[in-house]
Amino acid sequence: MKPLNERRRQILLAGAACLAAAEGRAEAAERPWPKGQATPALQLNSFPEGQPWSLAQQRGKAVLLNFWASWCEPCRAELPSLELLDTTLGPQGLIVVTINFRETDAALKRFMDQMPLSLPVLRDADGLVSRAFGVRAFPTTVLIDKAGLARASVVGERDWNGSDMRQWVARYLKA
């Protein structure tokens with residue numbers, strides 16, 4: 001039997017994680033950013049505008065990076081609470097950005113026609129940014145502090161407007 005290639009393996013793992021989360025078998029868990037591991041550079045184009053967006057240009061603000069895919073049910077379920085979090089904590093210096101994993105323009109357009117987003121959508125067309133941030137399952141959210149340093153990640157769907165998640169994010173807004 002042939003070993004699965006890397007792309008297929010990643011898609012299968014991500015799909016399994018999404019399915020498990022949708023069925024309530026996977027717990028979303030906060031993970032501190034690995035000590036000594038640098039924050040990866042991030043420069044992607046927005047969709048559909050194609051404007052460049054850079055993490056380095058966001059210094060002085062906390063940034064929540066949400067890695068997602070339209071085929072992932074927990075990802076779709078989580079997006080409205082991320083939009084509300086952006087509305088609530090944006091004035092305090094939080095930037096919420098979504099990063100779509102390896103979908104075509106046509107797939108993204110279909111999704112956004114059905115579920116318009118007010119949040120910035122960046123395209124990780126080749127999956128390299130997701131890989132650099134250690135994303136193995138969707139959704140995964142990485143919190144970047146005001147100094148531009150990755151502090152922690154959360155794997156799995158969360159209610160970003162629940163008190164526990166708001167408090168978690170607020171810690172990094174004060175720092």
# chains A, B, ... in the order shown; residues from 1 in each chain; ligands from 1
call {"tool": "residues_around", "arguments": {"residues": "stretch 100-110 of chain A", "least_positions_apart": "5", "cutoff": "8 Å", "atoms": "only C-alpha atoms", "output": "PyMOL selection string"}}
result
chain A and resi 48+67-70+121-127+130
call {"tool": "write_last_selection", "arguments": {"atoms": "N, CA and C atoms", "output": "PDB file, in the first residue's frame"}}
result
ATOM      1  N   PRO A  48     -11.796  39.321  -1.595  1.00  0.00           N
ATOM      2  CA  PRO A  48     -11.486  39.160  -3.010  1.00  0.00           C
ATOM      3  C   PRO A  48     -10.607  40.280  -3.578  1.00  0.00           C
ATOM      4  N   PHE A  67      -7.530  30.311  11.391  1.00  0.00           N
ATOM      5  CA  PHE A  67      -7.303  29.466  10.215  1.00  0.00           C
ATOM      6  C   PHE A  67      -8.537  28.585  10.029  1.00  0.00           C
ATOM      7  N   TRP A  68      -9.103  28.602   8.823  1.00  0.00           N
ATOM      8  CA  TRP A  68     -10.370  27.932   8.592  1.00  0.00           C
ATOM      9  C   TRP A  68     -10.475  27.458   7.138  1.00  0.00           C
ATOM     10  N   ALA A  69     -11.527  26.688   6.867  1.00  0.00           N
ATOM     11  CA  ALA A  69     -11.874  26.260   5.509  1.00  0.00           C
ATOM     12  C   ALA A  69     -13.395  26.195   5.419  1.00  0.00           C
ATOM     13  N   SER A  70     -13.925  26.476   4.261  1.00  0.00           N
ATOM     14  CA  SER A  70     -15.388  26.514   4.113  1.00  0.00           C
ATOM     15  C   SER A  70     -16.020  25.132   4.244  1.00  0.00           C
ATOM     16  N   VAL A 121     -10.446  38.466   5.038  1.00  0.00           N
ATOM     17  CA  VAL A 121     -10.198  37.076   4.644  1.00  0.00           C
ATOM     18  C   VAL A 121      -8.898  37.072   3.855  1.00  0.00           C
ATOM     19  N   LEU A 122      -7.914  36.345   4.359  1.00  0.00           N
ATOM     20  CA  LEU A 122      -6.640  36.194   3.667  1.00  0.00           C
ATOM     21  C   LEU A 122      -6.587  34.801   3.071  1.00  0.00           C
ATOM     22  N   ARG A 123      -5.919  34.689   1.911  1.00  0.00           N
ATOM     23  CA  ARG A 123      -5.841  33.390   1.228  1.00  0.00           C
ATOM     24  C   ARG A 123      -4.485  32.758   1.426  1.00  0.00           C
ATOM     25  N   ASP A 124      -4.482  31.596   2.044  1.00  0.00           N
ATOM     26  CA  ASP A 124      -3.276  30.779   2.161  1.00  0.00           C
ATOM     27  C   ASP A 124      -3.374  29.723   1.066  1.00  0.00           C
ATOM     28  N   ALA A 125      -3.168  30.158  -0.171  1.00  0.00           N
ATOM     29  CA  ALA A 125      -3.431  29.318  -1.336  1.00  0.00           C
ATOM     30  C   ALA A 125      -2.585  28.053  -1.376  1.00  0.00           C
ATOM     31  N   ASP A 126      -1.344  28.128  -0.896  1.00  0.00           N
ATOM     32  CA  ASP A 126      -0.476  26.955  -0.946  1.00  0.00           C
ATOM     33  C   ASP A 126      -0.334  26.248   0.408  1.00  0.00           C
ATOM     34  N   GLY A 127      -0.937  26.799   1.458  1.00  0.00           N
ATOM     35  CA  GLY A 127      -0.900  26.177   2.775  1.00  0.00           C
ATOM     36  C   GLY A 127       0.388  26.404   3.556  1.00  0.00           C
ATOM     37  N   SER A 130      -0.178  28.318   6.964  1.00  0.00           N
ATOM     38  CA  SER A 130      -0.794  27.417   7.948  1.00  0.00           C
ATOM     39  C   SER A 130       0.245  26.463   8.518  1.00  0.00           C
TER      40      SER A 130
END
call {"tool": "closest_atom_pairs", "arguments": {"of": "stretch 78-106 of chain A", "to": "stretch 151-174 of chain A", "cutoff": "12 Å", "atoms": "only C-alpha atoms", "output": "Markdown table"}}
result
| residue | atom | partner | partner_atom | distance |
| --- | --- | --- | --- | --- |
| A:Glu78 | CA | A:Glu157 | CA | 5.8 |
| A:Leu79 | CA | A:Trp160 | CA | 9.2 |
| A:Pro80 | CA | A:Trp160 | CA | 9.0 |
| A:Ser81 | CA | A:Trp160 | CA | 5.4 |
| A:Leu82 | CA | A:Trp160 | CA | 5.9 |
| A:Glu83 | CA | A:Trp160 | CA | 9.0 |
| A:Leu84 | CA | A:Asn161 | CA | 7.2 |
| A:Leu85 | CA | A:Asn161 | CA | 6.0 |
| A:Asp86 | CA | A:Trp160 | CA | 9.5 |
| A:Thr87 | CA | A:Asn161 | CA | 10.6 |
| A:Thr88 | CA | A:Asn161 | CA | 8.8 |
| A:Leu89 | CA | A:Ala170 | CA | 8.2 |
| A:Gly90 | CA | A:Leu173 | CA | 10.1 |
| A:Pro91 | CA | A:Leu173 | CA | 10.7 |
| A:Gln92 | CA | A:Leu173 | CA | 7.2 |
| A:Gly93 | CA | A:Leu173 | CA | 6.7 |
| A:Leu94 | CA | A:Leu173 | CA | 7.0 |
| A:Ile95 | CA | A:Leu173 | CA | 10.3 |
| A:Val96 | CA | A:Val169 | CA | 10.9 |
call {"tool": "write_last_selection", "arguments": {"atoms": "C-alpha atoms", "output": "mmCIF file, in the first residue's frame"}}
result
data_model
loop_
_atom_site.group_PDB
_atom_site.id
_atom_site.type_symbol
_atom_site.label_atom_id
_atom_site.label_comp_id
_atom_site.auth_asym_id
_atom_site.auth_seq_id
_atom_site.Cartn_x
_atom_site.Cartn_y
_atom_site.Cartn_z
ATOM 1 C CA GLU A 78 -17.415 29.840 14.708
ATOM 2 C CA LEU A 79 -17.191 32.736 12.218
ATOM 3 C CA PRO A 80 -20.199 34.752 13.512
ATOM 4 C CA SER A 81 -18.797 34.807 17.058
ATOM 5 C CA LEU A 82 -15.431 35.985 15.697
ATOM 6 C CA GLU A 83 -17.196 38.820 13.894
ATOM 7 C CA LEU A 84 -18.943 39.838 17.106
ATOM 8 C CA LEU A 85 -15.643 39.657 19.021
ATOM 9 C CA ASP A 86 -14.097 41.973 16.430
ATOM 10 C CA THR A 87 -16.960 44.440 16.851
ATOM 11 C CA THR A 88 -16.681 44.301 20.645
ATOM 12 C CA LEU A 89 -12.901 44.325 21.153
ATOM 13 C CA GLY A 90 -11.771 46.002 17.932
ATOM 14 C CA PRO A 91 -12.072 49.473 19.494
ATOM 15 C CA GLN A 92 -9.738 48.263 22.280
ATOM 16 C CA GLY A 93 -7.017 47.343 19.783
ATOM 17 C CA LEU A 94 -7.855 43.806 18.643
ATOM 18 C CA ILE A 95 -7.647 42.845 14.987
ATOM 19 C CA VAL A 96 -9.433 39.632 13.973
#
call {"tool": "select_by_dssp", "arguments": {"residues": "stretch 3-159 of chain A", "states": "strand (DSSP E)", "output": "PyMOL selection string"}}
result
chain A and resi 29-32+43-45+52-54+62-68+94-101+121-124+140-144+150-155
call {"tool": "write_last_selection", "arguments": {"atoms": "N, CA and C atoms", "output": "tab-separated table (two decimals), in the first residue's frame"}}
result
chain	number	residue	atom	x	y	z
A	29	ALA	N	-8.70	23.14	22.91
A	29	ALA	CA	-7.71	23.28	23.97
A	29	ALA	C	-6.75	24.41	23.67
A	30	GLU	N	-6.48	25.24	24.67
A	30	GLU	CA	-5.50	26.31	24.53
A	30	GLU	C	-4.11	25.71	24.67
A	31	ARG	N	-3.23	26.13	23.78
A	31	ARG	CA	-1.84	25.68	23.84
A	31	ARG	C	-0.93	26.91	23.86
A	32	PRO	N	-0.03	27.01	24.83
A	32	PRO	CA	0.92	28.12	24.79
A	32	PRO	C	1.82	27.97	23.57
A	43	GLN	N	2.54	37.28	5.35
A	43	GLN	CA	2.15	38.27	4.36
A	43	GLN	C	1.34	37.52	3.29
A	44	LEU	N	0.05	37.84	3.26
A	44	LEU	CA	-0.86	37.20	2.31
A	44	LEU	C	-1.73	38.26	1.66
A	45	ASN	N	-2.40	37.88	0.60
A	45	ASN	CA	-3.34	38.78	-0.06
A	45	ASN	C	-4.75	38.55	0.46
A	52	PRO	N	-2.36	43.26	-0.33
A	52	PRO	CA	-1.42	42.61	0.58
A	52	PRO	C	-1.73	42.96	2.04
A	53	TRP	N	-1.56	41.99	2.92
A	53	TRP	CA	-1.76	42.17	4.36
A	53	TRP	C	-0.57	41.54	5.05
A	54	SER	N	0.03	42.28	5.99
A	54	SER	CA	1.23	41.82	6.66
A	54	SER	C	1.05	41.89	8.17
A	62	ALA	N	-3.12	43.79	19.20
A	62	ALA	CA	-3.22	42.34	19.33
A	62	ALA	C	-3.96	41.82	18.10
A	63	VAL	N	-3.54	40.66	17.61
A	63	VAL	CA	-4.13	40.08	16.40
A	63	VAL	C	-4.56	38.65	16.69
A	64	LEU	N	-5.77	38.33	16.30
A	64	LEU	CA	-6.29	36.98	16.40
A	64	LEU	C	-6.34	36.42	14.97
A	65	LEU	N	-5.53	35.41	14.69
A	65	LEU	CA	-5.49	34.77	13.38
A	65	LEU	C	-6.32	33.50	13.43
A	66	ASN	N	-7.38	33.44	12.64
A	66	ASN	CA	-8.26	32.27	12.63
A	66	ASN	C	-8.08	31.53	11.31
A	67	PHE	N	-7.53	30.31	11.39
A	67	PHE	CA	-7.30	29.47	10.21
A	67	PHE	C	-8.54	28.58	10.03
A	68	TRP	N	-9.10	28.60	8.82
A	68	TRP	CA	-10.37	27.93	8.59
A	68	TRP	C	-10.47	27.46	7.14
A	94	LEU	N	-7.94	45.17	19.17
A	94	LEU	CA	-7.86	43.81	18.64
A	94	LEU	C	-8.19	43.81	17.15
A	95	ILE	N	-7.38	43.07	16.41
A	95	ILE	CA	-7.65	42.84	14.99
A	95	ILE	C	-7.93	41.36	14.82
A	96	VAL	N	-9.08	41.02	14.25
A	96	VAL	CA	-9.43	39.63	13.97
A	96	VAL	C	-9.32	39.43	12.47
A	97	VAL	N	-8.51	38.44	12.09
A	97	VAL	CA	-8.26	38.15	10.67
A	97	VAL	C	-8.51	36.67	10.44
A	98	THR	N	-9.18	36.34	9.35
A	98	THR	CA	-9.39	34.94	8.99
A	98	THR	C	-8.45	34.56	7.87
A	99	ILE	N	-7.93	33.34	7.94
A	99	ILE	CA	-6.99	32.85	6.93
A	99	ILE	C	-7.56	31.56	6.36
A	100	ASN	N	-7.96	31.63	5.10
A	100	ASN	CA	-8.58	30.48	4.45
A	100	ASN	C	-7.50	29.53	3.93
A	101	PHE	N	-7.70	28.25	4.18
A	101	PHE	CA	-6.73	27.22	3.83
A	101	PHE	C	-7.01	26.62	2.46
A	121	VAL	N	-10.45	38.47	5.04
A	121	VAL	CA	-10.20	37.08	4.64
A	121	VAL	C	-8.90	37.07	3.86
A	122	LEU	N	-7.91	36.35	4.36
A	122	LEU	CA	-6.64	36.19	3.67
A	122	LEU	C	-6.59	34.80	3.07
A	123	ARG	N	-5.92	34.69	1.91
A	123	ARG	CA	-5.84	33.39	1.23
A	123	ARG	C	-4.49	32.76	1.43
A	124	ASP	N	-4.48	31.60	2.04
A	124	ASP	CA	-3.28	30.78	2.16
A	124	ASP	C	-3.37	29.72	1.07
A	140	THR	N	-8.24	26.56	13.79
A	140	THR	CA	-7.17	26.86	14.74
A	140	THR	C	-7.04	28.36	14.78
A	141	THR	N	-6.93	28.91	15.99
A	141	THR	CA	-6.80	30.35	16.17
A	141	THR	C	-5.53	30.63	16.95
A	142	VAL	N	-4.73	31.57	16.46
A	142	VAL	CA	-3.46	31.95	17.09
A	142	VAL	C	-3.57	33.39	17.54
A	143	LEU	N	-3.17	33.63	18.79
A	143	LEU	CA	-3.21	34.98	19.32
A	143	LEU	C	-1.81	35.58	19.29
A	144	ILE	N	-1.70	36.75	18.66
A	144	ILE	CA	-0.45	37.50	18.55
A	144	ILE	C	-0.58	38.72	19.45
A	150	ALA	N	3.68	35.60	18.84
A	150	ALA	CA	2.64	34.59	19.03
A	150	ALA	C	2.69	34.15	20.49
A	151	ARG	N	1.52	34.10	21.15
A	151	ARG	CA	1.46	33.75	22.57
A	151	ARG	C	0.79	32.41	22.83
A	152	ALA	N	-0.25	32.10	22.06
A	152	ALA	CA	-0.99	30.87	22.31
A	152	ALA	C	-1.86	30.56	21.10
A	153	SER	N	-2.33	29.32	21.06
A	153	SER	CA	-3.28	28.93	20.02
A	153	SER	C	-4.41	28.13	20.64
A	154	VAL	N	-5.51	28.11	19.94
A	154	VAL	CA	-6.69	27.35	20.35
A	154	VAL	C	-7.08	26.49	19.16
A	155	VAL	N	-7.22	25.20	19.39
A	155	VAL	CA	-7.63	24.28	18.34
A	155	VAL	C	-9.08	23.89	18.61
call {"tool": "select_by_dssp", "arguments": {"residues": "chain A", "states": "alpha helix (DSSP H)", "output": "ChimeraX atom specification"}}
result
/A:6-22,73-89,105-114,128-132,163-174
